[in-house]
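Chemist: Have a peek at start-v5.cif (mmCIF, C-alpha atoms and all ligand atoms).
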data_entry
loop_
_atom_site.label_atom_id
_atom_site.label_comp_id
_atom_site.auth_asym_id
_atom_site.auth_seq_id
_atom_site.Cartn_x
_atom_site.Cartn_y
_atom_site.Cartn_z
CA MET A 1 259.01 118.08 125.33
CA ASN A 2 260.73 120.22 127.86
CA ILE A 3 264.33 120.75 126.72
CA LEU A 4 266.80 122.27 129.17
CA LYS A 5 270.29 123.28 128.05
CA PHE A 6 273.19 123.50 130.49
CA ASN A 7 276.59 125.14 130.24
CA SER A 8 277.63 123.78 133.59
CA ASP A 9 278.13 120.10 134.24
CA GLU A 10 277.31 120.57 137.91
CA ASP A 11 273.92 122.15 137.07
CA PHE A 12 273.18 119.34 134.60
CA VAL A 13 273.73 116.55 137.12
CA GLN A 14 272.12 118.45 139.99
CA THR A 15 268.96 119.07 137.95
CA GLY A 16 268.71 115.40 136.98
CA ALA A 17 269.35 114.21 140.52
CA ASN A 18 266.86 116.72 141.98
CA LEU A 19 264.10 115.40 139.72
CA ILE A 20 264.65 111.85 140.94
CA ALA A 21 265.11 112.89 144.57
CA SER A 22 261.95 115.00 144.63
CA LEU A 23 259.95 112.13 143.13
CA LEU A 24 261.21 109.84 145.92
CA GLN A 25 260.45 112.49 148.54
CA SER A 26 256.84 112.75 147.42
CA ASN A 27 256.48 109.05 146.61
CA PRO A 28 258.99 106.86 148.50
CA LYS A 29 257.59 103.76 146.73
CA ALA A 30 258.32 105.17 143.28
CA VAL A 31 259.19 102.82 140.44
CA LEU A 32 262.34 104.01 138.72
CA GLY A 33 263.32 103.08 135.19
CA LEU A 34 267.11 103.09 135.04
CA ALA A 35 269.65 103.27 132.23
CA THR A 36 273.32 102.48 131.86
CA GLY A 37 275.97 104.11 129.66
CA SER A 38 278.09 107.13 130.45
CA SER A 39 275.24 109.67 130.20
CA PRO A 40 273.59 108.99 133.60
CA VAL A 41 276.84 108.41 135.53
CA GLY A 42 277.10 111.95 136.93
CA VAL A 43 273.44 111.97 137.96
CA TYR A 44 273.89 108.65 139.79
CA ALA A 45 277.01 110.01 141.55
CA LYS A 46 275.03 113.07 142.65
CA LEU A 47 272.21 110.87 143.96
CA VAL A 48 274.76 108.86 145.98
CA GLU A 49 276.09 112.12 147.41
CA MET A 50 272.56 113.29 148.26
CA HIS A 51 271.79 109.92 149.86
CA GLN A 52 274.94 110.11 151.98
CA LYS A 53 273.85 113.54 153.18
CA GLY A 54 270.48 112.07 154.19
CA LEU A 55 268.60 114.00 151.49
CA VAL A 56 267.12 111.01 149.65
CA SER A 57 266.22 107.43 150.47
CA PHE A 58 265.58 104.57 148.06
CA SER A 59 264.56 102.09 150.77
CA LYS A 60 261.01 101.64 149.47
CA ALA A 61 261.74 102.20 145.78
CA THR A 62 261.72 99.61 143.01
CA SER A 63 263.85 99.80 139.88
CA PHE A 64 263.77 98.30 136.42
CA ASN A 65 266.69 98.61 134.04
CA LEU A 66 266.21 98.96 130.32
CA ASP A 67 268.58 96.37 129.00
CA GLU A 68 271.43 93.90 129.41
CA TYR A 69 274.00 92.24 127.17
CA ILE A 70 273.34 88.64 126.21
CA GLY A 71 275.93 86.05 127.15
CA LEU A 72 278.07 88.22 129.39
CA PRO A 73 278.53 86.63 132.84
CA VAL A 74 276.52 88.68 135.35
CA ASP A 75 279.69 89.44 137.35
CA HIS A 76 281.61 90.56 134.24
CA PRO A 77 282.77 94.15 134.87
CA GLN A 78 280.85 95.34 131.78
CA SER A 79 277.56 93.62 132.53
CA TYR A 80 274.86 96.17 133.20
CA ARG A 81 274.25 94.50 136.59
CA SER A 82 277.89 95.23 137.53
CA PHE A 83 277.55 98.78 136.20
CA MET A 84 274.43 99.48 138.25
CA ASN A 85 275.92 97.94 141.40
CA GLU A 86 279.07 100.02 141.08
CA GLN A 87 277.54 103.30 140.00
CA LEU A 88 274.46 103.31 142.22
CA PHE A 89 273.03 100.29 144.04
CA ASN A 90 276.07 99.52 146.25
CA HIS A 91 276.06 103.08 147.59
CA ILE A 92 272.37 103.64 148.37
CA ASP A 93 269.76 101.96 150.56
CA ILE A 94 267.70 100.33 147.81
CA ASP A 95 266.61 96.74 148.59
CA PRO A 96 268.68 94.62 146.14
CA GLY A 97 265.62 92.37 145.73
CA GLN A 98 263.73 95.35 144.33
CA THR A 99 266.28 96.05 141.58
CA HIS A 100 265.45 94.37 138.29
CA ILE A 101 267.68 93.96 135.26
CA PRO A 102 266.84 91.62 132.37
CA ASN A 103 268.74 88.33 132.62
CA GLY A 104 271.07 88.12 129.64
CA ASN A 105 272.02 84.55 130.54
CA ALA A 106 268.55 83.01 130.68
CA ALA A 107 268.36 79.55 129.09
CA ASP A 108 265.14 80.60 127.37
CA MET A 109 265.42 84.22 126.28
CA GLU A 110 261.89 84.35 124.93
CA ALA A 111 260.53 83.33 128.33
CA GLU A 112 262.80 85.90 129.99
CA CYS A 113 261.38 88.68 127.77
CA LEU A 114 257.81 87.69 128.65
CA ALA A 115 258.65 87.41 132.35
CA TYR A 116 260.28 90.87 132.37
CA ASP A 117 257.25 92.50 130.75
CA LYS A 118 254.97 90.69 133.19
CA MET A 119 256.97 92.01 136.15
CA LEU A 120 256.89 95.50 134.69
CA GLU A 121 253.17 95.29 134.28
CA GLU A 122 252.63 94.02 137.82
CA ASN A 123 254.83 96.71 139.38
CA GLY A 124 254.32 99.51 136.89
CA PRO A 125 253.87 101.90 135.46
CA VAL A 126 257.37 103.25 135.86
CA ASP A 127 257.08 106.68 137.50
CA LEU A 128 260.27 108.10 136.03
CA GLN A 129 262.23 106.52 133.20
CA ILE A 130 265.83 107.65 132.77
CA LEU A 131 267.21 107.35 129.26
CA GLY A 132 270.40 108.01 127.36
CA ILE A 133 270.58 108.11 123.58
CA GLY A 134 272.93 106.26 121.24
CA SER A 135 274.67 108.27 118.55
CA ASN A 136 272.41 106.50 116.03
CA GLY A 137 269.31 107.53 117.99
CA HIS A 138 268.80 104.26 119.85
CA ILE A 139 267.16 104.17 123.26
CA GLY A 140 267.76 101.19 125.49
CA PHE A 141 269.04 98.88 122.77
CA ASN A 142 266.22 99.65 120.35
CA GLU A 143 268.27 100.13 117.21
CA PRO A 144 267.05 102.04 114.13
CA ASP A 145 265.01 99.66 111.98
CA VAL A 146 262.04 99.48 109.66
CA ASN A 147 259.95 98.12 112.52
CA LEU A 148 260.45 98.65 116.22
CA SER A 149 259.33 96.15 118.83
CA SER A 150 256.95 97.32 121.45
CA LYS A 151 257.79 94.64 124.02
CA THR A 152 260.97 93.39 125.66
CA HIS A 153 262.93 91.47 123.06
CA VAL A 154 266.31 90.20 121.95
CA VAL A 155 268.16 92.47 119.55
CA ASP A 156 271.18 92.04 117.28
CA LEU A 157 273.45 94.98 118.02
CA LEU A 158 274.47 97.10 115.05
CA GLU A 159 278.17 97.31 114.31
CA ASP A 160 278.31 101.03 115.12
CA THR A 161 276.76 100.36 118.53
CA ARG A 162 279.29 97.59 119.22
CA GLU A 163 282.08 99.93 118.12
CA ALA A 164 280.76 102.75 120.34
CA ASN A 165 280.70 100.39 123.33
CA ALA A 166 284.06 98.74 122.52
CA ARG A 167 285.80 101.41 124.60
CA PHE A 168 284.64 99.58 127.71
CA PHE A 169 286.00 96.18 126.57
CA ASP A 170 289.50 94.85 125.83
CA SER A 171 288.68 94.54 122.14
CA LEU A 172 285.77 94.85 119.70
CA ASP A 173 285.62 91.05 119.57
CA ASP A 174 284.73 90.97 123.27
CA VAL A 175 281.64 93.17 122.81
CA PRO A 176 278.51 90.99 122.85
CA ARG A 177 276.57 90.75 119.59
CA GLN A 178 273.15 90.64 121.15
CA ALA A 179 271.25 92.25 123.98
CA ILE A 180 267.85 92.03 125.66
CA THR A 181 266.05 95.34 125.84
CA MET A 182 262.73 96.76 126.87
CA GLY A 183 260.78 97.72 123.77
CA ILE A 184 259.67 101.17 122.75
CA GLY A 185 256.12 100.50 123.93
CA GLY A 186 257.38 99.52 127.37
CA ILE A 187 259.54 102.63 127.59
CA LEU A 188 256.70 104.93 126.52
CA LYS A 189 254.43 103.57 129.27
CA ALA A 190 256.42 105.48 131.91
CA ARG A 191 254.58 108.42 133.48
CA GLN A 192 257.57 110.68 132.95
CA ILE A 193 260.78 110.33 130.93
CA LEU A 194 264.10 111.99 131.69
CA LEU A 195 266.46 111.90 128.72
CA LEU A 196 270.08 112.74 129.55
CA VAL A 197 272.28 113.77 126.64
CA ARG A 198 275.92 114.70 126.92
CA GLY A 199 278.71 115.48 124.48
CA ALA A 200 279.04 116.79 120.93
CA GLY A 201 278.94 113.21 119.65
CA LYS A 202 275.21 113.19 120.44
CA ALA A 203 274.39 116.55 118.82
CA GLU A 204 273.04 115.04 115.60
CA ALA A 205 271.14 112.24 117.37
CA ILE A 206 269.35 114.60 119.73
CA ARG A 207 268.52 117.08 116.97
CA ASN A 208 266.98 114.27 114.92
CA ALA A 209 265.17 112.98 117.99
CA VAL A 210 263.52 116.23 119.04
CA GLU A 211 263.33 118.28 115.83
CA GLY A 212 263.21 115.62 113.13
CA PRO A 213 260.28 113.52 111.94
CA ILE A 214 258.97 110.71 114.12
CA THR A 215 260.58 107.70 112.49
CA THR A 216 261.69 104.20 113.45
CA GLN A 217 265.05 105.13 111.88
CA CYS A 218 265.59 107.32 114.95
CA PRO A 219 263.97 105.40 117.81
CA ALA A 220 264.36 108.33 120.21
CA SER A 221 262.11 110.43 117.94
CA LEU A 222 259.17 108.34 119.19
CA LEU A 223 259.58 110.18 122.49
CA GLN A 224 257.89 113.12 120.73
CA SER A 225 254.65 111.18 121.12
CA HIS A 226 254.99 111.04 124.93
CA PRO A 227 253.23 113.76 126.94
CA ASN A 228 255.84 114.17 129.68
CA VAL A 229 259.47 114.17 128.55
CA ILE A 230 262.25 116.26 130.04
CA VAL A 231 265.49 116.43 128.05
CA LEU A 232 268.70 117.65 129.67
CA VAL A 233 271.45 118.52 127.19
CA ASP A 234 274.91 119.86 127.81
CA GLU A 235 276.57 122.48 125.64
CA GLY A 236 278.09 119.99 123.20
CA ALA A 237 274.97 117.90 122.71
CA GLY A 238 272.75 120.96 122.44
CA LYS A 239 274.87 122.88 119.93
CA TRP A 240 272.56 122.22 116.95
CA LEU A 241 269.24 122.58 118.72
CA LYS A 242 267.07 125.57 117.82
N1 LIG A 301 272.26 100.50 125.79
C1 LIG A 301 272.94 101.71 126.08
C2 LIG A 301 271.94 102.84 126.07
O1 LIG A 301 270.99 102.65 127.10
C3 LIG A 301 272.70 104.14 126.23
O2 LIG A 301 271.82 105.21 126.43
C4 LIG A 301 273.47 104.41 124.98
C5 LIG A 301 274.41 105.59 125.05
O3 LIG A 301 275.49 105.34 125.86
P1 LIG A 301 276.38 106.50 126.45
O4 LIG A 301 275.58 107.20 127.46
O5 LIG A 301 277.58 105.78 127.05
O6 LIG A 301 276.78 107.37 125.31
O7 LIG A 301 274.12 103.26 124.49
C6 LIG A 301 274.17 102.05 125.20
O8 LIG A 301 274.45 101.17 124.20
#
Kindly return the structure encoded in the file as structure tokens.

Modeler:
Amino acid sequence: MNILKFNSDEDFVQTGANLIASLLQSNPKAVLGLATGSSPVGVYAKLVEMHQKGLVSFSKATSFNLDEYIGLPVDHPQSYRSFMNEQLFNHIDIDPGQTHIPNGNAADMEAECLAYDKMLEENGPVDLQILGIGSNGHIGFNEPDVNLSSKTHVVDLLEDTREANARFFDSLDDVPRQAITMGIGGILKARQILLLVRGAGKAEAIRNAVEGPITTQCPASLLQSHPNVIVLVDEGAGKWLK
């Protein structure tokens, strides 16, 4: 794992954005694995800025998002489709038909999981997978558990995850109880992984993930088994790293 610590927010987002932009410059048809949450927001904003300056184009790229809430209307402001449209897709030249997000409103969720993995397999592997980390060590919505699923699946969200995400909703009751997420196996198939970690609230999670044992109780620790992971941490998140 290549762990880079930043004191400056600007350097953090510029480094993340440069990695994605240089991939697209060398391979315009790159397959991007995208994440939601507050961690990648600054990197997406920087990519929009770079796109507006003519420094990067997404016109031939394909994207796959990690996860989506179940049962939230797709146009709900907190759906991950709305998030991606607002933070990135509406401001760049990516073909909307080439952006993929699991359908959290499918009538048959099992079929949706299979279809998503099939699409990933047909278009993959993902060239660069962006990830955030939950304060309990989750990646995507792969929560700590005795067993982790390899494939895309439906997950019951843990209470602490719902509470962490309640800040985006009117009340805790409005936070969905389930999500569809790519599995750990799907995530680890990416050629390269870029883990973005910001804030002191993630200090323990990232220390466990990169310095602790590889355990399903900290799903992000499985990234230690991947040969090409870059971790960007800010000062707060990196405060307990060696
Ligand atoms: N499903 C998402 C994850 O993909 C994200 O990485 C994580 C951290 O979110 P944030 O970056 O807002 O702290 O939790 C969410 O629940």

Chemist: Let me make sure I understand: among A:Ser135, A:Ser63, A:Gln14, A:Gln129, which one has the smallest atom-to-atom distance to Leu223 (chain A) if we use only C-alpha atoms?

Modeler: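 For Leu223 (chain A), the nearest of the candidates is A:Gln129.
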
Chemist: Identify which of the residues A:Tyr44, A:Trp240, A:Phe58, A:Phe141 lies closest to ligand LIG 301 (chain A), counting all atoms listed in the file when measuring atom-to-atom distances.

Modeler: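 Answer, going by the shortest atom-to-atom distance: A:Phe141.
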
Chemist: Go through A:Gln52, A:Gln178, A:Asn103, A:Asn7 and flag the residue nearest ligand LIG 301 (chain A), using all atoms listed in the file for the distances.

Modeler: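 Comparing A:Gln52, A:Gln178, A:Asn103, A:Asn7 against ligand LIG 301 (chain A), the winner is A:Gln178.
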
Chemist: Quote the spacing between CA of His138 (chain A) and CA of Asn18 (chain A) in Å to one decimal place.

Modeler: 25.5 Å

Chemist: Report the centre and edge lengths, in Å to one decimal, of an axis-aligned box enclosing every atom of ligand LIG 301 (chain A) listed in the file, padded by 4 Å on each side, as JSON.

Modeler:
{"center_x": 274.3, "center_y": 103.9, "center_z": 125.8, "size_x": 14.6, "size_y": 14.9, "size_z": 11.3}

Chemist: Residues up to 9 Å from ligand LIG 301 (chain A), counting all atoms listed in the file: could you list those as a ChimeraX atom specification?

Modeler: /A:34-41,66-69,80,131-135,137-142,157,161-162,164-165,179,181,195-199,201-202

Chemist: Do a neighbour search on region 231-235 of chain A at 8 Å with all atoms listed in the file, toss out local chain neighbours closer than 3 positions, and write the hits as an NGL selection string.

Modeler: :A and (1-9 or 12 or 16 or 194-200 or 238-239)

Chemist: One decimal, in Å: what's the spacing between CA of Val154 (chain A) and CA of Ile187 (chain A)?

Modeler: 15.2 Å

Chemist: Please, what distance in Å, to one decimal, runs between CA of Phe64 (chain A) and CA of Glu110 (chain A)?

Modeler: 18.2 Å

Chemist: With only C-alpha atoms as the basis for distance, which of A:Asn90, A:Ser82, A:Asn136, A:Asn147 is at the shortest distance from Ala220 (chain A)?

Modeler: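 Using only C-alpha atoms, the shortest distance to Ala220 (chain A) belongs to A:Asn136.
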
Chemist: With N, CA and C atoms as the goal, would you fill in the gaps in region 39-75 of chain A and present it as an mmCIF file, in the coordinates of the input?

Modeler:
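Output (selection_1.cif):
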data_model
loop_
_atom_site.group_PDB
_atom_site.id
_atom_site.type_symbol
_atom_site.label_atom_id
_atom_site.label_comp_id
_atom_site.auth_asym_id
_atom_site.auth_seq_id
_atom_site.Cartn_x
_atom_site.Cartn_y
_atom_site.Cartn_z
ATOM 1 N N SER A 39 276.085 108.476 130.007
ATOM 2 C CA SER A 39 275.240 109.670 130.200
ATOM 3 C C SER A 39 274.696 109.832 131.618
ATOM 4 N N PRO A 40 274.163 108.777 132.263
ATOM 5 C CA PRO A 40 273.590 108.990 133.600
ATOM 6 C C PRO A 40 274.595 108.928 134.750
ATOM 7 N N VAL A 41 275.877 108.646 134.451
ATOM 8 C CA VAL A 41 276.840 108.410 135.530
ATOM 9 C C VAL A 41 276.908 109.572 136.537
ATOM 10 N N GLY A 42 276.981 110.795 136.030
ATOM 11 C CA GLY A 42 277.100 111.950 136.930
ATOM 12 C C GLY A 42 275.854 112.129 137.787
ATOM 13 N N VAL A 43 274.697 111.844 137.208
ATOM 14 C CA VAL A 43 273.440 111.970 137.960
ATOM 15 C C VAL A 43 273.413 110.906 139.078
ATOM 16 N N TYR A 44 273.853 109.692 138.754
ATOM 17 C CA TYR A 44 273.890 108.650 139.790
ATOM 18 C C TYR A 44 274.863 109.058 140.909
ATOM 19 N N ALA A 45 276.027 109.599 140.528
ATOM 20 C CA ALA A 45 277.010 110.010 141.550
ATOM 21 C C ALA A 45 276.411 111.087 142.453
ATOM 22 N N LYS A 46 275.654 112.005 141.862
ATOM 23 C CA LYS A 46 275.030 113.070 142.650
ATOM 24 C C LYS A 46 273.968 112.494 143.590
ATOM 25 N N LEU A 47 273.222 111.506 143.105
ATOM 26 C CA LEU A 47 272.210 110.870 143.960
ATOM 27 C C LEU A 47 272.870 110.163 145.145
ATOM 28 N N VAL A 48 274.020 109.526 144.892
ATOM 29 C CA VAL A 48 274.760 108.860 145.980
ATOM 30 C C VAL A 48 275.168 109.905 147.013
ATOM 31 N N GLU A 49 275.673 111.020 146.515
ATOM 32 C CA GLU A 49 276.090 112.120 147.410
ATOM 33 C C GLU A 49 274.888 112.617 148.223
ATOM 34 N N MET A 50 273.759 112.798 147.567
ATOM 35 C CA MET A 50 272.560 113.290 148.260
ATOM 36 C C MET A 50 272.083 112.257 149.281
ATOM 37 N N HIS A 51 272.189 110.986 148.924
ATOM 38 C CA HIS A 51 271.790 109.920 149.860
ATOM 39 C C HIS A 51 272.691 109.945 151.096
ATOM 40 N N GLN A 52 274.007 110.106 150.850
ATOM 41 C CA GLN A 52 274.940 110.110 151.980
ATOM 42 C C GLN A 52 274.713 111.302 152.905
ATOM 43 N N LYS A 53 274.164 112.363 152.352
ATOM 44 C CA LYS A 53 273.850 113.540 153.180
ATOM 45 C C LYS A 53 272.478 113.404 153.834
ATOM 46 N N GLY A 54 271.802 112.286 153.592
ATOM 47 C CA GLY A 54 270.480 112.070 154.190
ATOM 48 C C GLY A 54 269.361 112.786 153.459
ATOM 49 N N LEU A 55 269.610 113.217 152.217
ATOM 50 C CA LEU A 55 268.600 114.000 151.490
ATOM 51 C C LEU A 55 267.628 113.118 150.702
ATOM 52 N N VAL A 56 268.004 111.873 150.438
ATOM 53 C CA VAL A 56 267.120 111.010 149.650
ATOM 54 C C VAL A 56 267.304 109.555 150.073
ATOM 55 N N SER A 57 266.173 108.852 150.147
ATOM 56 C CA SER A 57 266.220 107.430 150.470
ATOM 57 C C SER A 57 265.541 106.631 149.361
ATOM 58 N N PHE A 58 266.130 105.471 149.090
ATOM 59 C CA PHE A 58 265.580 104.570 148.060
ATOM 60 C C PHE A 58 265.010 103.312 148.718
ATOM 61 N N SER A 59 264.849 103.334 150.043
ATOM 62 C CA SER A 59 264.560 102.090 150.770
ATOM 63 C C SER A 59 263.243 101.439 150.356
ATOM 64 N N LYS A 60 262.300 102.233 149.878
ATOM 65 C CA LYS A 60 261.010 101.640 149.470
ATOM 66 C C LYS A 60 260.835 101.631 147.952
ATOM 67 N N ALA A 61 261.862 102.074 147.240
ATOM 68 C CA ALA A 61 261.740 102.200 145.780
ATOM 69 C C ALA A 61 261.979 100.854 145.088
ATOM 70 N N THR A 62 261.492 100.786 143.878
ATOM 71 C CA THR A 62 261.720 99.610 143.010
ATOM 72 C C THR A 62 262.382 100.141 141.745
ATOM 73 N N SER A 63 263.256 99.329 141.147
ATOM 74 C CA SER A 63 263.850 99.800 139.880
ATOM 75 C C SER A 63 263.823 98.715 138.818
ATOM 76 N N PHE A 64 263.710 99.174 137.596
ATOM 77 C CA PHE A 64 263.770 98.300 136.420
ATOM 78 C C PHE A 64 264.764 98.903 135.448
ATOM 79 N N ASN A 65 265.770 98.123 135.071
ATOM 80 C CA ASN A 65 266.690 98.610 134.040
ATOM 81 C C ASN A 65 266.184 98.287 132.648
ATOM 82 N N LEU A 66 266.666 99.090 131.709
ATOM 83 C CA LEU A 66 266.210 98.960 130.320
ATOM 84 C C LEU A 66 266.711 97.709 129.622
ATOM 85 N N ASP A 67 267.969 97.343 129.897
ATOM 86 C CA ASP A 67 268.580 96.370 129.000
ATOM 87 C C ASP A 67 269.762 95.662 129.642
ATOM 88 N N GLU A 68 270.244 94.647 128.956
ATOM 89 C CA GLU A 68 271.430 93.900 129.410
ATOM 90 C C GLU A 68 272.027 93.185 128.202
ATOM 91 N N TYR A 69 273.336 93.034 128.220
ATOM 92 C CA TYR A 69 274.000 92.240 127.170
ATOM 93 C C TYR A 69 273.594 90.778 127.304
ATOM 94 N N ILE A 70 273.593 90.083 126.180
ATOM 95 C CA ILE A 70 273.340 88.640 126.210
ATOM 96 C C ILE A 70 274.679 87.902 126.217
ATOM 97 N N GLY A 71 274.770 86.943 127.131
ATOM 98 C CA GLY A 71 275.930 86.050 127.150
ATOM 99 C C GLY A 71 277.104 86.549 127.958
ATOM 100 N N LEU A 72 276.988 87.725 128.554
ATOM 101 C CA LEU A 72 278.070 88.220 129.390
ATOM 102 C C LEU A 72 277.798 87.738 130.822
ATOM 103 N N PRO A 73 278.793 87.077 131.467
ATOM 104 C CA PRO A 73 278.530 86.630 132.840
ATOM 105 C C PRO A 73 278.071 87.819 133.688
ATOM 106 N N VAL A 74 277.123 87.572 134.598
ATOM 107 C CA VAL A 74 276.520 88.680 135.350
ATOM 108 C C VAL A 74 277.560 89.447 136.164
ATOM 109 N N ASP A 75 278.665 88.745 136.566
ATOM 110 C CA ASP A 75 279.690 89.440 137.350
ATOM 111 C C ASP A 75 280.821 89.991 136.462
#
